[in-house]
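Raw contents of final_19.cif, mmCIF, N, CA and C atoms:
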data_coords
#
loop_
_atom_site.label_atom_id
_atom_site.label_comp_id
_atom_site.auth_asym_id
_atom_site.auth_seq_id
_atom_site.Cartn_x
_atom_site.Cartn_y
_atom_site.Cartn_z
N MET Z 146 83.91 215.23 240.52
CA MET Z 146 83.57 214.49 241.72
C MET Z 146 84.83 213.99 242.37
N PHE Z 147 84.71 213.45 243.55
CA PHE Z 147 85.85 212.95 244.30
C PHE Z 147 86.27 211.58 243.79
N GLY Z 148 87.56 211.28 243.92
CA GLY Z 148 88.08 209.98 243.53
C GLY Z 148 87.78 208.95 244.60
N PRO Z 149 88.23 207.73 244.37
CA PRO Z 149 87.99 206.67 245.34
C PRO Z 149 88.73 206.94 246.65
N VAL Z 150 88.17 206.44 247.72
CA VAL Z 150 88.76 206.59 249.04
C VAL Z 150 89.93 205.62 249.17
N GLU Z 151 91.01 206.07 249.74
CA GLU Z 151 92.13 205.19 250.04
C GLU Z 151 92.29 205.12 251.55
N PHE Z 152 92.65 203.96 252.03
CA PHE Z 152 92.89 203.75 253.45
C PHE Z 152 94.37 203.49 253.67
N TRP Z 153 94.85 203.86 254.86
CA TRP Z 153 96.26 203.75 255.19
C TRP Z 153 96.44 203.19 256.59
N ALA Z 154 97.48 202.40 256.76
CA ALA Z 154 97.88 201.95 258.09
C ALA Z 154 98.59 203.11 258.77
N GLU Z 155 98.27 203.34 260.01
CA GLU Z 155 98.83 204.48 260.73
C GLU Z 155 99.29 204.03 262.12
N ARG Z 156 100.50 204.39 262.47
CA ARG Z 156 101.04 204.11 263.80
C ARG Z 156 100.39 205.06 264.80
N THR Z 157 100.06 204.54 265.98
CA THR Z 157 99.47 205.36 267.02
C THR Z 157 100.35 205.30 268.27
N VAL Z 158 100.28 206.36 269.06
CA VAL Z 158 100.97 206.40 270.35
C VAL Z 158 99.98 206.95 271.36
N SER Z 159 99.75 206.18 272.42
CA SER Z 159 98.79 206.61 273.44
C SER Z 159 99.32 207.82 274.21
N PRO Z 160 98.50 208.87 274.34
CA PRO Z 160 98.93 210.02 275.13
C PRO Z 160 98.90 209.72 276.63
N VAL Z 161 98.24 208.64 277.00
CA VAL Z 161 98.13 208.28 278.42
C VAL Z 161 99.36 207.53 278.91
N ASP Z 162 99.73 206.46 278.19
CA ASP Z 162 100.84 205.64 278.67
C ASP Z 162 101.96 205.44 277.66
N GLY Z 163 101.85 206.07 276.49
CA GLY Z 163 102.91 205.98 275.49
C GLY Z 163 102.96 204.68 274.70
N ARG Z 164 101.98 203.81 274.89
CA ARG Z 164 101.98 202.54 274.16
C ARG Z 164 101.78 202.78 272.67
N VAL Z 165 102.50 202.00 271.88
CA VAL Z 165 102.41 202.08 270.43
C VAL Z 165 101.38 201.08 269.93
N GLY Z 166 100.65 201.46 268.92
CA GLY Z 166 99.67 200.58 268.30
C GLY Z 166 99.53 200.93 266.83
N TRP Z 167 98.56 200.30 266.17
CA TRP Z 167 98.29 200.56 264.76
C TRP Z 167 96.80 200.67 264.53
N THR Z 168 96.44 201.50 263.57
CA THR Z 168 95.05 201.68 263.20
C THR Z 168 94.98 201.87 261.69
N VAL Z 169 93.79 202.06 261.17
CA VAL Z 169 93.59 202.33 259.75
C VAL Z 169 92.78 203.61 259.63
N VAL Z 170 93.25 204.52 258.77
CA VAL Z 170 92.57 205.79 258.54
C VAL Z 170 92.29 205.95 257.05
N ASP Z 171 91.31 206.81 256.73
CA ASP Z 171 91.02 207.09 255.33
C ASP Z 171 91.75 208.35 254.89
N ASP Z 172 91.49 208.78 253.66
CA ASP Z 172 92.15 209.97 253.11
C ASP Z 172 91.91 211.22 253.95
N GLY Z 173 90.79 211.28 254.63
CA GLY Z 173 90.49 212.42 255.48
C GLY Z 173 91.06 212.27 256.88
N TYR Z 174 91.88 211.24 257.06
CA TYR Z 174 92.51 210.94 258.34
C TYR Z 174 91.48 210.56 259.41
N VAL Z 175 90.36 209.98 258.97
CA VAL Z 175 89.32 209.50 259.88
C VAL Z 175 89.56 208.01 260.12
N GLU Z 176 89.61 207.64 261.38
CA GLU Z 176 89.88 206.26 261.75
C GLU Z 176 88.71 205.36 261.37
N HIS Z 177 89.01 204.20 260.82
CA HIS Z 177 87.99 203.19 260.52
C HIS Z 177 87.74 202.47 261.84
N SER Z 178 86.60 202.74 262.47
CA SER Z 178 86.37 202.31 263.85
C SER Z 178 86.36 200.80 264.05
N GLN Z 179 85.74 200.05 263.15
CA GLN Z 179 85.70 198.59 263.32
C GLN Z 179 87.10 197.99 263.24
N THR Z 180 87.87 198.46 262.30
CA THR Z 180 89.24 197.96 262.14
C THR Z 180 90.09 198.35 263.35
N ALA Z 181 89.95 199.57 263.81
CA ALA Z 181 90.72 200.03 264.96
C ALA Z 181 90.42 199.20 266.21
N THR Z 182 89.15 198.92 266.42
CA THR Z 182 88.75 198.10 267.57
C THR Z 182 89.36 196.72 267.48
N TRP Z 183 89.30 196.12 266.30
CA TRP Z 183 89.83 194.78 266.11
C TRP Z 183 91.34 194.74 266.31
N LEU Z 184 92.05 195.74 265.76
CA LEU Z 184 93.51 195.78 265.92
C LEU Z 184 93.91 195.95 267.38
N ARG Z 185 93.18 196.77 268.13
CA ARG Z 185 93.47 196.93 269.56
C ARG Z 185 93.21 195.62 270.31
N ALA Z 186 92.16 194.91 269.93
CA ALA Z 186 91.84 193.64 270.58
C ALA Z 186 92.93 192.60 270.32
N LEU Z 187 93.53 192.63 269.14
CA LEU Z 187 94.61 191.68 268.85
C LEU Z 187 95.74 191.81 269.85
N VAL Z 188 96.11 193.05 270.14
CA VAL Z 188 97.24 193.31 271.03
C VAL Z 188 96.82 193.22 272.49
N ASP Z 189 95.74 193.90 272.85
CA ASP Z 189 95.34 193.99 274.26
C ASP Z 189 94.69 192.72 274.79
N ALA Z 190 93.78 192.13 274.05
CA ALA Z 190 93.03 190.98 274.55
C ALA Z 190 93.69 189.65 274.18
N ARG Z 191 94.26 189.57 272.99
CA ARG Z 191 94.83 188.30 272.53
C ARG Z 191 96.32 188.21 272.78
N GLY Z 192 96.94 189.34 273.11
CA GLY Z 192 98.37 189.33 273.44
C GLY Z 192 99.30 189.20 272.24
N LEU Z 193 98.81 189.49 271.04
CA LEU Z 193 99.67 189.44 269.87
C LEU Z 193 100.58 190.67 269.84
N SER Z 194 101.63 190.59 269.06
CA SER Z 194 102.61 191.68 269.04
C SER Z 194 102.10 192.89 268.25
N VAL Z 195 102.71 194.02 268.53
CA VAL Z 195 102.40 195.24 267.79
C VAL Z 195 102.80 195.06 266.33
N GLY Z 196 103.84 194.28 266.08
CA GLY Z 196 104.26 194.00 264.71
C GLY Z 196 103.20 193.24 263.94
N THR Z 197 102.51 192.34 264.61
CA THR Z 197 101.41 191.61 263.97
C THR Z 197 100.29 192.58 263.63
N ALA Z 198 99.96 193.47 264.56
CA ALA Z 198 98.92 194.47 264.31
C ALA Z 198 99.32 195.37 263.14
N ARG Z 199 100.60 195.69 263.04
CA ARG Z 199 101.07 196.53 261.93
C ARG Z 199 100.86 195.82 260.60
N ALA Z 200 101.22 194.56 260.53
CA ALA Z 200 101.05 193.79 259.29
C ALA Z 200 99.57 193.70 258.92
N TYR Z 201 98.73 193.39 259.89
CA TYR Z 201 97.30 193.28 259.62
C TYR Z 201 96.71 194.63 259.21
N ALA Z 202 97.17 195.72 259.83
CA ALA Z 202 96.65 197.05 259.50
C ALA Z 202 96.92 197.38 258.04
N GLY Z 203 98.10 197.08 257.57
CA GLY Z 203 98.44 197.35 256.17
C GLY Z 203 97.58 196.56 255.21
N ARG Z 204 97.37 195.30 255.53
CA ARG Z 204 96.56 194.45 254.66
C ARG Z 204 95.09 194.85 254.69
N LEU Z 205 94.61 195.22 255.86
CA LEU Z 205 93.22 195.68 255.97
C LEU Z 205 93.01 197.00 255.23
N ALA Z 206 93.98 197.89 255.30
CA ALA Z 206 93.87 199.16 254.57
C ALA Z 206 93.79 198.90 253.07
N LEU Z 207 94.56 197.97 252.58
CA LEU Z 207 94.51 197.62 251.17
C LEU Z 207 93.14 197.06 250.80
N TYR Z 208 92.63 196.15 251.62
CA TYR Z 208 91.32 195.55 251.37
C TYR Z 208 90.21 196.61 251.42
N LEU Z 209 90.26 197.49 252.41
CA LEU Z 209 89.23 198.53 252.52
C LEU Z 209 89.28 199.50 251.34
N THR Z 210 90.48 199.78 250.84
CA THR Z 210 90.61 200.63 249.66
C THR Z 210 89.91 199.98 248.47
N TRP Z 211 90.17 198.69 248.28
CA TRP Z 211 89.51 197.98 247.19
C TRP Z 211 87.99 197.96 247.39
N ALA Z 212 87.53 197.63 248.60
CA ALA Z 212 86.10 197.52 248.86
C ALA Z 212 85.39 198.85 248.57
N ALA Z 213 86.02 199.97 248.95
CA ALA Z 213 85.42 201.28 248.68
C ALA Z 213 85.34 201.54 247.18
N SER Z 214 86.39 201.19 246.45
CA SER Z 214 86.39 201.46 245.01
C SER Z 214 85.43 200.53 244.26
N ALA Z 215 85.25 199.31 244.78
CA ALA Z 215 84.36 198.34 244.13
C ALA Z 215 82.93 198.41 244.67
N GLU Z 216 82.71 199.29 245.65
CA GLU Z 216 81.40 199.44 246.29
C GLU Z 216 80.90 198.11 246.86
N VAL Z 217 81.79 197.45 247.59
CA VAL Z 217 81.51 196.16 248.22
C VAL Z 217 81.42 196.38 249.73
N ASP Z 218 80.48 195.70 250.37
CA ASP Z 218 80.40 195.74 251.82
C ASP Z 218 81.62 194.99 252.36
N PRO Z 219 82.57 195.69 253.01
CA PRO Z 219 83.80 195.03 253.44
C PRO Z 219 83.58 193.98 254.54
N VAL Z 220 82.47 194.05 255.23
CA VAL Z 220 82.21 193.11 256.32
C VAL Z 220 81.59 191.82 255.82
N ALA Z 221 80.86 191.87 254.71
CA ALA Z 221 80.15 190.69 254.21
C ALA Z 221 80.28 190.55 252.70
N PRO Z 222 81.50 190.35 252.20
CA PRO Z 222 81.65 190.22 250.75
C PRO Z 222 81.14 188.86 250.26
N GLU Z 223 80.66 188.86 249.04
CA GLU Z 223 80.24 187.62 248.40
C GLU Z 223 81.49 186.91 247.86
N VAL Z 224 81.37 185.63 247.55
CA VAL Z 224 82.50 184.86 247.04
C VAL Z 224 83.04 185.47 245.74
N ASP Z 225 82.15 185.86 244.85
CA ASP Z 225 82.61 186.45 243.59
C ASP Z 225 83.30 187.79 243.81
N GLU Z 226 82.90 188.51 244.84
CA GLU Z 226 83.56 189.77 245.16
C GLU Z 226 84.98 189.52 245.69
N LEU Z 227 85.15 188.47 246.49
CA LEU Z 227 86.50 188.13 246.96
C LEU Z 227 87.38 187.68 245.81
N ALA Z 228 86.80 186.99 244.84
CA ALA Z 228 87.56 186.60 243.65
C ALA Z 228 87.98 187.86 242.87
N ALA Z 229 87.10 188.84 242.80
CA ALA Z 229 87.43 190.10 242.14
C ALA Z 229 88.55 190.82 242.88
N PHE Z 230 88.55 190.76 244.20
CA PHE Z 230 89.62 191.35 245.01
C PHE Z 230 90.95 190.67 244.69
N ALA Z 231 90.96 189.35 244.59
CA ALA Z 231 92.19 188.62 244.27
C ALA Z 231 92.71 189.04 242.90
N ARG Z 232 91.83 189.19 241.93
CA ARG Z 232 92.24 189.63 240.59
C ARG Z 232 92.79 191.06 240.65
N TRP Z 233 92.14 191.91 241.43
CA TRP Z 233 92.59 193.29 241.60
C TRP Z 233 93.99 193.33 242.20
N LEU Z 234 94.25 192.49 243.19
CA LEU Z 234 95.58 192.44 243.79
C LEU Z 234 96.65 192.06 242.77
N GLU Z 235 96.32 191.12 241.90
CA GLU Z 235 97.28 190.66 240.90
C GLU Z 235 97.67 191.74 239.92
N ARG Z 236 96.74 192.63 239.59
CA ARG Z 236 97.04 193.64 238.58
C ARG Z 236 97.32 195.03 239.14
N THR Z 237 97.27 195.18 240.45
CA THR Z 237 97.52 196.48 241.07
C THR Z 237 98.98 196.60 241.47
N PRO Z 238 99.68 197.63 240.95
CA PRO Z 238 101.08 197.81 241.35
C PRO Z 238 101.17 198.09 242.85
N SER Z 239 102.28 197.75 243.40
CA SER Z 239 102.51 197.97 244.83
C SER Z 239 102.26 199.44 245.18
N ARG Z 240 101.52 199.66 246.25
CA ARG Z 240 101.22 201.03 246.66
C ARG Z 240 102.45 201.76 247.14
N LYS Z 241 103.49 201.05 247.55
CA LYS Z 241 104.67 201.73 248.06
C LYS Z 241 105.40 202.50 246.96
N HIS Z 242 105.10 202.21 245.71
CA HIS Z 242 105.76 202.90 244.61
C HIS Z 242 105.01 204.15 244.16
N ARG Z 243 103.84 204.39 244.72
CA ARG Z 243 103.08 205.58 244.33
C ARG Z 243 103.33 206.70 245.32
N ARG Z 244 103.17 207.91 244.87
CA ARG Z 244 103.30 209.12 245.69
C ARG Z 244 104.64 209.21 246.41
N GLY Z 245 105.69 208.78 245.76
CA GLY Z 245 107.04 209.00 246.30
C GLY Z 245 107.42 208.12 247.46
N GLY Z 246 106.85 206.94 247.58
CA GLY Z 246 107.19 206.06 248.69
C GLY Z 246 108.59 205.52 248.58
N GLY Z 247 109.13 205.10 249.69
CA GLY Z 247 110.46 204.51 249.73
C GLY Z 247 110.35 203.03 249.99
N ALA Z 248 111.38 202.48 250.60
CA ALA Z 248 111.39 201.05 250.89
C ALA Z 248 110.22 200.66 251.79
N VAL Z 249 109.94 201.49 252.77
CA VAL Z 249 108.81 201.23 253.66
C VAL Z 249 107.55 201.83 253.07
N GLY Z 250 107.69 202.93 252.37
CA GLY Z 250 106.55 203.61 251.79
C GLY Z 250 105.94 204.57 252.78
N ARG Z 251 106.03 205.83 252.51
CA ARG Z 251 105.50 206.83 253.41
C ARG Z 251 104.64 207.81 252.66
N ARG Z 252 103.64 208.29 253.30
CA ARG Z 252 102.81 209.38 252.80
C ARG Z 252 102.71 210.32 253.96
N SER Z 253 103.44 211.40 253.94
CA SER Z 253 103.66 212.26 255.08
C SER Z 253 104.06 211.37 256.25
N ARG Z 254 103.27 211.27 257.30
CA ARG Z 254 103.63 210.43 258.44
C ARG Z 254 102.90 209.09 258.40
N ARG Z 255 102.16 208.83 257.36
CA ARG Z 255 101.39 207.60 257.27
C ARG Z 255 102.22 206.49 256.66
N SER Z 256 102.05 205.29 257.15
CA SER Z 256 102.72 204.13 256.56
C SER Z 256 101.82 203.57 255.47
N ARG Z 257 102.42 203.32 254.34
CA ARG Z 257 101.66 202.71 253.26
C ARG Z 257 101.60 201.23 253.46
N CYS Z 258 100.64 200.64 252.81
CA CYS Z 258 100.49 199.20 252.90
C CYS Z 258 100.60 198.59 251.55
#
Take the structure I supplied and represent it as structure tokens, if you would.
Amino acid sequence: MFGPVEFWAERTVSPVDGRVGWTVVDDGYVEHSQTATWLRALVDARGLSVGTARAYAGRLALYLTWAASAEVDPVAPEVDELAAFARWLERTPSRKHRRGGGAVGRRSRRSRC
């Protein structure tokens, strides 16, 4: 069977105006639509920096990876599930050290979180 789904922060460039942004994609390179919408709203509607969106994208990708592996609804986790996420973070090695990542951590053109 297939292994757990992993999510990644991915830099985007608009083909219309060249603006840079950030999104979250899964192993199949499918964009997580709710996260993408929220990240765009941070920059476009709230006026936050692209750097802020980048930081949030990485953290959301990590959370979504955990939620998929723990079979937790990422939108409405229970308190005990969030505690399990915190424990998972404590014992999970940094993702940048897996699959040949460097200081920033890369997986082909994807940025690791």
key: Shell of 9 Å around Pro219 in chain Z, only C-alpha atoms, local chain residues under 4 positions omitted, as a list in words   = Tyr208, Leu209, Trp211, Ala212 and Ala213 of chain Z
Store the residues of this selection in a file with N, CA and C atoms, as a JSON list (two decimals), in the coordinates of the input.
[["chain", "number", "residue", "atom", "x", "y", "z"],
["Z", 208, "TYR", "N", 92.63, 196.15, 251.62],
["Z", 208, "TYR", "CA", 91.32, 195.55, 251.37],
["Z", 208, "TYR", "C", 90.21, 196.61, 251.42],
["Z", 209, "LEU", "N", 90.26, 197.49, 252.41],
["Z", 209, "LEU", "CA", 89.23, 198.53, 252.52],
["Z", 209, "LEU", "C", 89.28, 199.50, 251.34],
["Z", 211, "TRP", "N", 90.17, 198.69, 248.28],
["Z", 211, "TRP", "CA", 89.51, 197.98, 247.19],
["Z", 211, "TRP", "C", 87.99, 197.96, 247.39],
["Z", 212, "ALA", "N", 87.53, 197.63, 248.60],
["Z", 212, "ALA", "CA", 86.10, 197.52, 248.86],
["Z", 212, "ALA", "C", 85.39, 198.85, 248.57],
["Z", 213, "ALA", "N", 86.02, 199.97, 248.95],
["Z", 213, "ALA", "CA", 85.42, 201.28, 248.68],
["Z", 213, "ALA", "C", 85.34, 201.54, 247.18]]
task = Expand the PyMOL selection byres (((chain Z and resi 205 and name CA) around 10) and name CA) into the individual residues it matches in the shown file, reporting them as an MDAnalysis selection string.
result = chainID Z and resid 152:154 168:169 180 184 199:204 206:211 219 258
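CA of Trp183 in chain Z is found 22.0 Å from CA of Glu216 in chain Z.
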Point-to-point distance in Å for CA of Asp172 in chain Z and CA of Glu151 in chain Z = 5.7 Å
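The space separating atom N of Gly163 in chain Z from atom C of Gln179 in chain Z comes to 21.4 Å.
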request  = May I have all residues of range 172-237 of chain Z that DSSP, computed from the backbone, assigns to helix (DSSP H, G or I), given as JSON, numbers by chain?
outcome  = {"Z": [178, 179, 180, 181, 182, 183, 184, 185, 186, 187, 188, 189, 195, 196, 197, 198, 199, 200, 201, 202, 203, 204, 205, 206, 207, 208, 209, 210, 211, 212, 213, 214, 215, 224, 225, 226, 227, 228, 229, 230, 231, 232, 233, 234, 235, 236]}
message = I'd like to see the residues matched by the PyMOL selection byres ((chain Z and resi 156) around 6) on this file, and ideally I'd get them as number ranges by chain.
response = Z: 154-155, 157-158, 166-168, 256
Save the residues we just selected, N, CA and C atoms, as a compact mmCIF listing (two decimals), keeping the file's coordinate frame?
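This went into selection25.txt:
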# COMPACT_ATOMS: atom_id res chain seq x y z
N ALA Z 154 97.48 202.40 256.76
CA ALA Z 154 97.88 201.95 258.09
C ALA Z 154 98.59 203.11 258.77
N GLU Z 155 98.27 203.34 260.01
CA GLU Z 155 98.83 204.48 260.73
C GLU Z 155 99.29 204.03 262.12
N THR Z 157 100.06 204.54 265.98
CA THR Z 157 99.47 205.36 267.02
C THR Z 157 100.35 205.30 268.27
N VAL Z 158 100.28 206.36 269.06
CA VAL Z 158 100.97 206.40 270.35
C VAL Z 158 99.98 206.95 271.36
N GLY Z 166 100.65 201.46 268.92
CA GLY Z 166 99.67 200.58 268.30
C GLY Z 166 99.53 200.93 266.83
N TRP Z 167 98.56 200.30 266.17
CA TRP Z 167 98.29 200.56 264.76
C TRP Z 167 96.80 200.67 264.53
N THR Z 168 96.44 201.50 263.57
CA THR Z 168 95.05 201.68 263.20
C THR Z 168 94.98 201.87 261.69
N SER Z 256 102.05 205.29 257.15
CA SER Z 256 102.72 204.13 256.56
C SER Z 256 101.82 203.57 255.47
